[in-house]
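**Student:** The file below is model_1.cif, mmCIF, C-alpha atoms and all ligand atoms:
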```
data_target
#
loop_
_atom_site.label_atom_id
_atom_site.label_comp_id
_atom_site.auth_asym_id
_atom_site.auth_seq_id
_atom_site.Cartn_x
_atom_site.Cartn_y
_atom_site.Cartn_z
CA MET A 274 -46.89 66.31 360.76
CA THR A 275 -47.28 68.99 358.12
CA ALA A 276 -47.68 68.16 354.45
CA GLN A 277 -44.30 69.53 353.43
CA PHE A 278 -42.47 66.71 355.22
CA TRP A 279 -44.18 63.97 353.25
CA PRO A 280 -41.70 62.17 351.02
CA SER A 281 -41.68 63.42 347.48
CA HIS A 282 -40.89 61.56 344.31
CA VAL A 283 -39.69 62.62 340.91
CA VAL A 284 -42.65 63.24 338.60
CA MET A 285 -40.89 64.42 335.45
CA GLU A 286 -37.21 64.52 334.70
CA VAL A 287 -35.52 66.11 331.72
CA ARG A 288 -32.20 64.32 331.25
CA ASN A 289 -29.24 65.65 329.31
CA ALA A 290 -31.55 67.55 327.01
CA SER A 291 -30.33 69.84 324.29
CA LYS A 292 -32.57 71.80 321.97
CA THR A 293 -31.65 73.50 318.73
CA TYR A 294 -34.13 75.56 316.75
CA LEU A 295 -33.71 76.41 313.09
CA SER A 296 -34.18 80.10 312.49
CA GLY A 297 -33.94 80.58 308.73
CA ALA A 298 -30.52 79.24 307.79
CA ASN A 299 -29.23 79.63 311.35
CA GLU A 300 -29.27 77.19 314.21
CA VAL A 301 -30.19 78.61 317.61
CA ARG A 302 -29.08 76.55 320.59
CA ALA A 303 -31.76 77.06 323.23
CA LEU A 304 -30.73 74.32 325.70
CA THR A 305 -27.42 72.55 326.21
CA ASP A 306 -27.23 69.25 328.08
CA MET A 307 -29.79 70.24 330.71
CA THR A 308 -30.85 67.86 333.47
CA LEU A 309 -33.56 68.82 335.93
CA ALA A 310 -36.10 66.76 337.88
CA LEU A 311 -39.45 68.10 339.07
CA LYS A 312 -40.72 66.46 342.25
CA SER A 313 -44.15 66.07 343.77
CA GLY A 314 -44.80 68.63 346.46
CA GLU A 315 -42.00 70.87 345.30
CA LEU A 316 -42.38 74.44 344.04
CA THR A 317 -39.51 75.29 341.72
CA GLY A 318 -38.79 78.75 340.36
CA ILE A 319 -36.80 79.14 337.15
CA VAL A 320 -35.06 82.44 336.65
CA GLY A 321 -32.53 83.79 334.19
CA PRO A 322 -32.05 86.40 331.51
CA SER A 323 -34.22 86.64 328.41
CA GLY A 324 -33.27 83.94 325.91
CA SER A 325 -31.61 81.69 328.51
CA GLY A 326 -33.88 78.73 327.68
CA LYS A 327 -36.48 78.88 330.47
CA THR A 328 -39.54 78.53 328.22
CA THR A 329 -37.79 75.89 326.14
CA PHE A 330 -37.24 73.82 329.29
CA LEU A 331 -40.96 74.09 330.19
CA MET A 332 -41.98 73.07 326.67
CA ILE A 333 -39.76 69.98 326.82
CA ALA A 334 -40.76 69.02 330.39
CA GLY A 335 -44.43 69.48 329.41
CA LEU A 336 -44.05 67.32 326.29
CA LEU A 337 -45.00 70.18 323.97
CA GLU A 338 -41.59 70.15 322.21
CA PRO A 339 -39.23 67.23 321.74
CA PRO A 340 -35.60 67.69 322.76
CA THR A 341 -33.08 67.56 319.92
CA SER A 342 -31.14 65.10 322.06
CA GLY A 343 -31.62 63.69 325.55
CA THR A 344 -34.74 62.20 327.13
CA VAL A 345 -37.76 63.04 329.26
CA HIS A 346 -38.78 60.56 331.95
CA PHE A 347 -42.14 60.35 333.68
CA ARG A 348 -41.95 58.57 337.04
CA ASP A 349 -38.64 57.09 335.98
CA GLN A 350 -39.92 55.70 332.68
CA PRO A 351 -38.68 57.25 329.43
CA ILE A 352 -41.59 59.04 327.75
CA ALA A 353 -40.05 61.28 325.10
CA ASN A 354 -36.92 61.80 323.06
CA ALA A 355 -36.02 63.42 319.75
CA THR A 356 -38.04 60.94 317.71
CA THR A 357 -41.24 60.87 319.81
CA ARG A 358 -44.45 61.99 318.12
CA LEU A 359 -45.77 64.31 320.78
CA ASN A 360 -49.24 64.36 319.20
CA ASN A 361 -49.60 60.81 320.50
CA LEU A 362 -49.12 62.11 324.04
CA ARG A 363 -52.02 64.57 323.87
CA ASP A 364 -54.25 62.54 326.20
CA PHE A 365 -51.38 62.04 328.61
CA ARG A 366 -50.74 65.80 328.72
CA ARG A 367 -54.42 66.56 329.30
CA THR A 368 -54.66 64.26 332.28
CA HIS A 369 -51.27 64.86 333.89
CA VAL A 370 -49.98 68.31 333.03
CA GLY A 371 -51.42 71.78 333.59
CA PHE A 372 -50.01 74.69 331.61
CA ILE A 373 -50.26 78.38 332.30
CA PHE A 374 -48.74 80.71 329.75
CA GLN A 375 -47.93 84.43 329.71
CA LYS A 376 -51.11 85.04 327.75
CA ALA A 377 -54.35 83.47 328.90
CA ASN A 378 -55.20 81.97 325.46
CA LEU A 379 -58.89 81.55 326.28
CA ILE A 380 -61.39 80.47 323.64
CA PRO A 381 -63.01 83.80 322.68
CA PHE A 382 -66.50 82.49 321.89
CA LEU A 383 -66.87 80.61 325.20
CA THR A 384 -67.72 82.20 328.54
CA ALA A 385 -65.35 82.00 331.50
CA VAL A 386 -67.15 79.00 332.96
CA GLU A 387 -67.33 77.26 329.57
CA ASN A 388 -63.58 77.78 329.07
CA VAL A 389 -62.91 75.79 332.26
CA GLN A 390 -65.74 73.34 331.71
CA ILE A 391 -64.47 72.30 328.28
CA ALA A 392 -61.14 71.18 329.75
CA LEU A 393 -63.10 68.74 331.93
CA GLU A 394 -65.51 67.60 329.22
CA ILE A 395 -62.59 66.76 326.91
CA ASN A 396 -61.58 64.37 329.68
CA ASP A 397 -65.03 62.75 329.70
CA VAL A 398 -66.47 64.50 332.74
CA ARG A 399 -70.25 64.85 332.30
CA PRO A 400 -71.42 68.40 331.45
CA LYS A 401 -73.35 68.92 334.68
CA GLN A 402 -70.45 67.86 336.91
CA ALA A 403 -67.98 69.71 334.71
CA LYS A 404 -69.96 72.92 335.08
CA ALA A 405 -70.20 72.54 338.86
CA ARG A 406 -66.44 71.94 339.16
CA ALA A 407 -65.68 74.84 336.79
CA ARG A 408 -67.84 77.19 338.89
CA GLU A 409 -66.12 76.02 342.05
CA LEU A 410 -62.69 76.70 340.55
CA LEU A 411 -63.68 80.15 339.31
CA ALA A 412 -65.05 80.99 342.75
CA GLN A 413 -61.68 80.05 344.28
CA PHE A 414 -60.13 82.78 342.16
CA GLY A 415 -62.76 85.36 343.03
CA LEU A 416 -64.43 85.10 339.62
CA ASP A 417 -67.90 83.83 340.55
CA HIS A 418 -69.47 87.06 339.36
CA ARG A 419 -67.65 86.76 336.01
CA GLU A 420 -68.49 83.20 335.06
CA ASN A 421 -70.86 84.16 332.25
CA ASN A 422 -68.62 86.81 330.75
CA TYR A 423 -66.69 86.25 327.53
CA PRO A 424 -62.90 86.74 327.55
CA SER A 425 -63.23 90.10 325.76
CA GLN A 426 -65.33 91.33 328.71
CA LEU A 427 -62.64 90.40 331.26
CA SER A 428 -59.51 92.29 332.28
CA GLY A 429 -56.11 90.76 331.52
CA GLY A 430 -55.77 89.65 335.13
CA GLU A 431 -59.22 88.06 335.17
CA GLN A 432 -58.47 86.22 331.94
CA GLN A 433 -55.27 84.90 333.47
CA ARG A 434 -57.13 83.66 336.54
CA VAL A 435 -59.59 81.81 334.28
CA SER A 436 -56.64 80.18 332.53
CA ILE A 437 -55.24 79.09 335.92
CA ALA A 438 -58.61 77.60 336.87
CA ARG A 439 -58.61 75.77 333.52
CA ALA A 440 -55.08 74.43 334.10
CA LEU A 441 -56.14 73.01 337.47
CA ALA A 442 -59.43 71.51 336.26
CA ASN A 443 -58.16 67.97 335.76
CA ASP A 444 -56.05 67.81 338.95
CA PRO A 445 -52.69 67.64 337.16
CA VAL A 446 -49.72 65.98 338.85
CA MET A 447 -47.48 68.63 337.36
CA LEU A 448 -48.15 72.30 336.75
CA LEU A 449 -45.92 74.35 334.46
CA ALA A 450 -46.34 78.11 334.45
CA ASP A 451 -44.55 80.63 332.26
CA GLU A 452 -44.61 84.12 333.81
CA PRO A 453 -48.09 83.54 335.26
CA THR A 454 -48.13 86.74 337.29
CA ALA A 455 -46.85 89.09 334.61
CA ALA A 456 -50.35 90.49 333.91
CA LEU A 457 -51.41 90.67 337.56
CA ASP A 458 -51.04 93.38 340.17
CA GLY A 459 -49.00 92.66 343.30
CA SER A 460 -51.75 91.25 345.50
CA ARG A 461 -53.36 89.13 342.76
CA GLY A 462 -49.89 87.90 341.84
CA ARG A 463 -49.19 86.83 345.39
CA GLN A 464 -52.61 85.15 345.59
CA VAL A 465 -51.70 83.07 342.54
CA MET A 466 -48.30 82.16 343.96
CA GLU A 467 -49.96 81.12 347.20
CA VAL A 468 -52.31 78.84 345.25
CA PHE A 469 -49.22 77.22 343.73
CA ARG A 470 -47.71 76.84 347.21
CA THR A 471 -50.89 75.10 348.43
CA LEU A 472 -51.01 72.86 345.36
CA ALA A 473 -47.49 71.70 346.15
CA ASP A 474 -47.91 71.36 349.92
CA VAL A 475 -51.41 69.91 350.15
CA HIS A 476 -52.06 68.31 346.77
CA ARG A 477 -48.42 67.23 346.22
CA VAL A 478 -48.33 68.69 342.70
CA ALA A 479 -44.92 69.26 341.11
CA VAL A 480 -45.08 72.98 340.31
CA CYS A 481 -42.53 74.78 338.15
CA VAL A 482 -42.81 78.52 337.55
CA VAL A 483 -40.72 80.63 335.19
CA THR A 484 -40.59 84.16 336.53
CA HIS A 485 -38.68 87.41 336.31
CA ASP A 486 -40.26 88.66 339.50
CA PRO A 487 -37.90 88.62 342.50
CA ARG A 488 -40.82 89.17 344.89
CA TRP A 489 -41.75 85.49 344.75
CA SER A 490 -38.39 84.04 345.78
CA ASP A 491 -39.64 83.59 349.37
CA ILE A 492 -42.36 81.22 348.23
CA PHE A 493 -40.23 78.75 346.21
CA ASP A 494 -38.56 75.62 347.60
CA ARG A 495 -35.69 76.07 345.19
CA ILE A 496 -34.64 78.49 342.54
CA VAL A 497 -32.98 77.24 339.38
CA GLU A 498 -30.96 79.87 337.60
CA MET A 499 -30.39 79.47 333.90
CA SER A 500 -27.99 81.20 331.59
CA ASP A 501 -27.27 80.51 327.96
CA GLY A 502 -29.28 77.29 327.84
CA ARG A 503 -27.74 75.77 330.98
CA VAL A 504 -28.46 75.54 334.68
CA VAL A 505 -25.84 77.68 336.38
CA GLU A 506 -27.07 77.51 339.97
CA VAL A 507 -29.71 75.74 342.07
CA ARG A 508 -30.29 77.41 345.42
CA PRO A 509 -32.87 77.02 348.15
CA GLY A 510 -35.77 79.45 347.93
CA GLY A 511 -37.33 81.10 350.95
CA ALA A 512 -39.75 78.24 351.64
CA MET A 513 -36.94 75.70 351.90
CA LYS A 514 -34.81 78.05 353.99
CA ALA A 515 -37.69 78.53 356.39
CA ARG A 516 -38.07 74.76 356.73
CA LEU A 517 -34.37 74.20 357.32
CA GLN A 518 -34.54 76.64 360.20
CA VAL A 519 -37.43 74.80 361.90
N1 LIG B 1 -39.52 78.45 317.98
C1 LIG B 1 -38.30 78.99 318.00
N2 LIG B 1 -37.61 79.18 316.85
C2 LIG B 1 -36.38 79.71 316.85
N3 LIG B 1 -35.71 80.09 317.98
C3 LIG B 1 -36.34 79.93 319.15
C4 LIG B 1 -37.68 79.38 319.23
N4 LIG B 1 -38.04 79.35 320.54
C5 LIG B 1 -37.00 79.84 321.24
N5 LIG B 1 -36.00 80.20 320.42
C6 LIG B 1 -34.69 80.75 320.81
O1 LIG B 1 -34.15 79.90 321.81
C7 LIG B 1 -33.51 80.67 322.83
C8 LIG B 1 -34.15 80.36 324.18
O2 LIG B 1 -35.49 80.85 324.15
P1 LIG B 1 -36.50 80.74 325.38
O3 LIG B 1 -37.80 81.29 324.93
O4 LIG B 1 -36.47 79.35 325.87
O5 LIG B 1 -35.81 81.70 326.46
P2 LIG B 1 -36.43 82.35 327.77
O6 LIG B 1 -35.35 82.24 328.80
O7 LIG B 1 -37.74 81.72 328.07
O8 LIG B 1 -36.64 83.86 327.33
P3 LIG B 1 -37.71 84.98 327.84
O9 LIG B 1 -37.37 85.25 329.28
O10 LIG B 1 -37.44 86.14 326.95
O11 LIG B 1 -39.09 84.39 327.66
C9 LIG B 1 -33.63 82.13 322.41
O12 LIG B 1 -32.46 82.49 321.71
C10 LIG B 1 -34.82 82.11 321.47
O13 LIG B 1 -34.73 83.16 320.53
#
```
As a first step, turn the structure in this file into structure tokens.
**Tutor:**
Amino acid sequence: MTAQFWPSHVVMEVRNASKTYLSGANEVRALTDMTLALKSGELTGIVGPSGSGKTTFLMIAGLLEPPTSGTVHFRDQPIANATTRLNNLRDFRRTHVGFIFQKANLIPFLTAVENVQIALEINDVRPKQAKARARELLAQFGLDHRENNYPSQLSGGEQQRVSIARALANDPVMLLADEPTAALDGSRGRQVMEVFRTLADVHRVAVCVVTHDPRWSDIFDRIVEMSDGRVVEVRPGGAMKARLQV
């Protein structure tokens, strides 16, 4: 039996969430009554025009922004709503959620290996083990020869790969990525998407990727299309279609 047929469960669910930002005197409605569950072992792509609320959804699902109304549930237990102090969930985020943003956001005065290592040490992994794990992760992304370089000495694509290694350091149950391949060339981009596919299939991580790039649609289980702060369509991606045809 292959991994993809193992039962999956809902890891994080955003329920009936709306989000309004204040922009000067104006209110901007970024999400309207959005419900979406992210399941273990599932690779979800989120697509939609600029300003449709994709990043806002990731921020709410990742407990970096509270919804204005609605709730976020972790394994069926409510974990956040409009009144939750998200600072109190910092430890929870560190141990359960991996984030990858458009920009790598590495710490400039730490080397590549130290940038990954620190994510482990914050979670009480001993320095020696943390370094070994960090080196292993960097090697997986073809960065073994770059581990002692500082971010300013790395290309944009290399920096992004370090940030992916950092996001995976603590074995998150959920990985949220916002345009992770935007700074990568085609083959590096595919390599990253294939890592996400493996994380979902083998490690049963719930992976959710915001992307504008139509080349990856074959690799997703499902594609969620957003428009104007709402989900307008959920369709099977290529991975799910391939399975249905087995
Ligand atoms: N911090 C903020 N303050 C004010 N308005 C915001 C803020 N963040 C997002 N918005 C607004 O909310 C709406 C949704 O933004 P969001 O970034 O979620 O869209 P997106 O689909 O991710 O866009 P893109 O593809 O351009 O990244 C937009 O109108 C945006 O301008």
**Student:** Taking all atoms listed in the file into account, report as a count of residues only which residues have an atom no farther than 9 Å from an atom of ligand LIG 1 (chain B).
**Tutor:** 33
**Student:** Please identify all polymer residues lying at most 12 Å from the point (-42.5, 59.1, 326.5) (file coordinates), using only C-alpha atoms, and present the result as a ChimeraX atom specification.
**Tutor:** /A:285-287,333-340,343-363,365-366
**Student:** Write out as a PyMOL selection string which residues come within 10 Å of A:Ala438 when counting all atoms listed in the file, dropping same-chain ones fewer than 4 positions away.
**Tutor:** chain A and resi 371+373+385-386+388-390+392+406-414+416+432-434+442-443
**Student:** Could you please determine the separation between atom CA of A:Ala440 and atom CA of A:Met513 in Å, to one decimal place?
**Tutor:**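 A separation of 25.4 Å between them.
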**Student:** Skip A:Asp491 itself and residues of its chain fewer than 5 positions away, then list as a PyMOL selection string all residues within 12 Å of it, counting only C-alpha atoms.
**Tutor:** chain A and resi 316-318+463+466-467+470+486+496+508-516
**Student:** Generate the output file for the selected residues, C-alpha atoms, as a short mmCIF file (atom, residue, chain, number, x, y, z; two decimals), in the coordinates of the input.
**Tutor:**
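And here is the file that came out, again_31.cif:
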```
data_model
loop_
_atom_site.label_atom_id
_atom_site.label_comp_id
_atom_site.auth_asym_id
_atom_site.auth_seq_id
_atom_site.Cartn_x
_atom_site.Cartn_y
_atom_site.Cartn_z
CA LEU A 316 -42.38 74.44 344.04
CA THR A 317 -39.51 75.29 341.72
CA GLY A 318 -38.79 78.75 340.36
CA ARG A 463 -49.19 86.83 345.39
CA MET A 466 -48.30 82.16 343.96
CA GLU A 467 -49.96 81.12 347.20
CA ARG A 470 -47.71 76.84 347.21
CA ASP A 486 -40.26 88.66 339.50
CA ILE A 496 -34.64 78.49 342.54
CA ARG A 508 -30.29 77.41 345.42
CA PRO A 509 -32.87 77.02 348.15
CA GLY A 510 -35.77 79.45 347.93
CA GLY A 511 -37.33 81.10 350.95
CA ALA A 512 -39.75 78.24 351.64
CA MET A 513 -36.94 75.70 351.90
CA LYS A 514 -34.81 78.05 353.99
CA ALA A 515 -37.69 78.53 356.39
CA ARG A 516 -38.07 74.76 356.73
#
```
**Student:** Expressed in Å to a single decimal, how great is the separation between atom CA of A:Arg419 and atom CA of A:Gln375?
**Tutor:**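 Distance reported for this atom pair: 20.8 Å.
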**Student:** Since the input is missing atoms for stretch 393-428 of chain A, could you rebuild it with N, CA and C atoms and give the result as a PDB file, keeping the file's coordinate frame?
**Tutor:**
```
ATOM      1  N   LEU A 393     -62.625  69.934 331.227  1.00  0.00           N
ATOM      2  CA  LEU A 393     -63.100  68.740 331.930  1.00  0.00           C
ATOM      3  C   LEU A 393     -63.866  67.820 330.984  1.00  0.00           C
ATOM      4  N   GLU A 394     -64.688  68.430 330.129  1.00  0.00           N
ATOM      5  CA  GLU A 394     -65.510  67.600 329.220  1.00  0.00           C
ATOM      6  C   GLU A 394     -64.635  66.832 328.234  1.00  0.00           C
ATOM      7  N   ILE A 395     -63.521  67.465 327.811  1.00  0.00           N
ATOM      8  CA  ILE A 395     -62.590  66.760 326.910  1.00  0.00           C
ATOM      9  C   ILE A 395     -62.091  65.503 327.599  1.00  0.00           C
ATOM     10  N   ASN A 396     -62.019  65.543 328.921  1.00  0.00           N
ATOM     11  CA  ASN A 396     -61.580  64.370 329.680  1.00  0.00           C
ATOM     12  C   ASN A 396     -62.753  63.524 330.176  1.00  0.00           C
ATOM     13  N   ASP A 397     -63.862  63.616 329.459  1.00  0.00           N
ATOM     14  CA  ASP A 397     -65.030  62.750 329.700  1.00  0.00           C
ATOM     15  C   ASP A 397     -65.774  62.988 331.003  1.00  0.00           C
ATOM     16  N   VAL A 398     -65.627  64.176 331.592  1.00  0.00           N
ATOM     17  CA  VAL A 398     -66.470  64.500 332.740  1.00  0.00           C
ATOM     18  C   VAL A 398     -67.818  64.960 332.187  1.00  0.00           C
ATOM     19  N   ARG A 399     -68.909  64.490 332.802  1.00  0.00           N
ATOM     20  CA  ARG A 399     -70.250  64.850 332.300  1.00  0.00           C
ATOM     21  C   ARG A 399     -70.487  66.348 332.441  1.00  0.00           C
ATOM     22  N   PRO A 400     -71.236  66.946 331.472  1.00  0.00           N
ATOM     23  CA  PRO A 400     -71.420  68.400 331.450  1.00  0.00           C
ATOM     24  C   PRO A 400     -71.871  68.999 332.785  1.00  0.00           C
ATOM     25  N   LYS A 401     -72.814  68.345 333.454  1.00  0.00           N
ATOM     26  CA  LYS A 401     -73.350  68.920 334.680  1.00  0.00           C
ATOM     27  C   LYS A 401     -72.266  68.986 335.770  1.00  0.00           C
ATOM     28  N   GLN A 402     -71.529  67.879 335.912  1.00  0.00           N
ATOM     29  CA  GLN A 402     -70.450  67.860 336.910  1.00  0.00           C
ATOM     30  C   GLN A 402     -69.332  68.802 336.510  1.00  0.00           C
ATOM     31  N   ALA A 403     -69.058  68.840 335.200  1.00  0.00           N
ATOM     32  CA  ALA A 403     -67.980  69.710 334.710  1.00  0.00           C
ATOM     33  C   ALA A 403     -68.307  71.165 335.022  1.00  0.00           C
ATOM     34  N   LYS A 404     -69.565  71.532 334.824  1.00  0.00           N
ATOM     35  CA  LYS A 404     -69.960  72.920 335.080  1.00  0.00           C
ATOM     36  C   LYS A 404     -69.830  73.237 336.575  1.00  0.00           C
ATOM     37  N   ALA A 405     -70.268  72.306 337.412  1.00  0.00           N
ATOM     38  CA  ALA A 405     -70.200  72.540 338.860  1.00  0.00           C
ATOM     39  C   ALA A 405     -68.745  72.717 339.302  1.00  0.00           C
ATOM     40  N   ARG A 406     -67.875  71.848 338.795  1.00  0.00           N
ATOM     41  CA  ARG A 406     -66.440  71.940 339.160  1.00  0.00           C
ATOM     42  C   ARG A 406     -65.831  73.244 338.624  1.00  0.00           C
ATOM     43  N   ALA A 407     -66.215  73.611 337.394  1.00  0.00           N
ATOM     44  CA  ALA A 407     -65.680  74.840 336.790  1.00  0.00           C
ATOM     45  C   ALA A 407     -66.099  76.055 337.623  1.00  0.00           C
ATOM     46  N   ARG A 408     -67.346  76.057 338.073  1.00  0.00           N
ATOM     47  CA  ARG A 408     -67.840  77.190 338.890  1.00  0.00           C
ATOM     48  C   ARG A 408     -67.092  77.264 340.210  1.00  0.00           C
ATOM     49  N   GLU A 409     -66.840  76.096 340.778  1.00  0.00           N
ATOM     50  CA  GLU A 409     -66.120  76.020 342.050  1.00  0.00           C
ATOM     51  C   GLU A 409     -64.698  76.600 341.884  1.00  0.00           C
ATOM     52  N   LEU A 410     -64.052  76.208 340.789  1.00  0.00           N
ATOM     53  CA  LEU A 410     -62.690  76.700 340.550  1.00  0.00           C
ATOM     54  C   LEU A 410     -62.671  78.210 340.334  1.00  0.00           C
ATOM     55  N   LEU A 411     -63.641  78.700 339.552  1.00  0.00           N
ATOM     56  CA  LEU A 411     -63.680  80.150 339.310  1.00  0.00           C
ATOM     57  C   LEU A 411     -63.924  80.898 340.615  1.00  0.00           C
ATOM     58  N   ALA A 412     -64.767  80.341 341.470  1.00  0.00           N
ATOM     59  CA  ALA A 412     -65.050  80.990 342.750  1.00  0.00           C
ATOM     60  C   ALA A 412     -63.781  81.080 343.597  1.00  0.00           C
ATOM     61  N   GLN A 413     -62.954  80.037 343.521  1.00  0.00           N
ATOM     62  CA  GLN A 413     -61.680  80.050 344.280  1.00  0.00           C
ATOM     63  C   GLN A 413     -60.800  81.226 343.889  1.00  0.00           C
ATOM     64  N   PHE A 414     -60.941  81.659 342.633  1.00  0.00           N
ATOM     65  CA  PHE A 414     -60.130  82.780 342.160  1.00  0.00           C
ATOM     66  C   PHE A 414     -60.909  84.091 342.141  1.00  0.00           C
ATOM     67  N   GLY A 415     -61.992  84.112 342.894  1.00  0.00           N
ATOM     68  CA  GLY A 415     -62.760  85.360 343.030  1.00  0.00           C
ATOM     69  C   GLY A 415     -63.462  85.761 341.744  1.00  0.00           C
ATOM     70  N   LEU A 416     -63.837  84.769 340.923  1.00  0.00           N
ATOM     71  CA  LEU A 416     -64.430  85.100 339.620  1.00  0.00           C
ATOM     72  C   LEU A 416     -65.873  84.620 339.492  1.00  0.00           C
ATOM     73  N   ASP A 417     -66.530  84.347 340.640  1.00  0.00           N
ATOM     74  CA  ASP A 417     -67.900  83.830 340.550  1.00  0.00           C
ATOM     75  C   ASP A 417     -68.826  84.795 339.813  1.00  0.00           C
ATOM     76  N   HIS A 418     -68.594  86.085 340.002  1.00  0.00           N
ATOM     77  CA  HIS A 418     -69.470  87.060 339.360  1.00  0.00           C
ATOM     78  C   HIS A 418     -69.123  87.264 337.878  1.00  0.00           C
ATOM     79  N   ARG A 419     -68.095  86.604 337.406  1.00  0.00           N
ATOM     80  CA  ARG A 419     -67.650  86.760 336.010  1.00  0.00           C
ATOM     81  C   ARG A 419     -67.877  85.517 335.179  1.00  0.00           C
ATOM     82  N   GLU A 420     -68.497  84.497 335.752  1.00  0.00           N
ATOM     83  CA  GLU A 420     -68.490  83.200 335.060  1.00  0.00           C
ATOM     84  C   GLU A 420     -69.197  83.223 333.707  1.00  0.00           C
ATOM     85  N   ASN A 421     -70.166  84.125 333.536  1.00  0.00           N
ATOM     86  CA  ASN A 421     -70.860  84.160 332.250  1.00  0.00           C
ATOM     87  C   ASN A 421     -70.348  85.222 331.287  1.00  0.00           C
ATOM     88  N   ASN A 422     -69.218  85.820 331.647  1.00  0.00           N
ATOM     89  CA  ASN A 422     -68.620  86.810 330.750  1.00  0.00           C
ATOM     90  C   ASN A 422     -67.708  86.117 329.726  1.00  0.00           C
ATOM     91  N   TYR A 423     -67.616  86.742 328.550  1.00  0.00           N
ATOM     92  CA  TYR A 423     -66.690  86.250 327.530  1.00  0.00           C
ATOM     93  C   TYR A 423     -65.308  86.861 327.787  1.00  0.00           C
ATOM     94  N   PRO A 424     -64.243  86.219 327.293  1.00  0.00           N
ATOM     95  CA  PRO A 424     -62.900  86.740 327.550  1.00  0.00           C
ATOM     96  C   PRO A 424     -62.750  88.230 327.224  1.00  0.00           C
ATOM     97  N   SER A 425     -63.381  88.694 326.135  1.00  0.00           N
ATOM     98  CA  SER A 425     -63.230  90.100 325.760  1.00  0.00           C
ATOM     99  C   SER A 425     -63.843  91.040 326.804  1.00  0.00           C
ATOM    100  N   GLN A 426     -64.697  90.500 327.678  1.00  0.00           N
ATOM    101  CA  GLN A 426     -65.330  91.330 328.710  1.00  0.00           C
ATOM    102  C   GLN A 426     -64.551  91.276 330.030  1.00  0.00           C
ATOM    103  N   LEU A 427     -63.427  90.546 330.033  1.00  0.00           N
ATOM    104  CA  LEU A 427     -62.640  90.400 331.260  1.00  0.00           C
ATOM    105  C   LEU A 427     -61.338  91.173 331.143  1.00  0.00           C
ATOM    106  N   SER A 428     -60.819  91.622 332.289  1.00  0.00           N
ATOM    107  CA  SER A 428     -59.510  92.290 332.280  1.00  0.00           C
ATOM    108  C   SER A 428     -58.431  91.227 332.046  1.00  0.00           C
TER     109      SER A 428
END
```
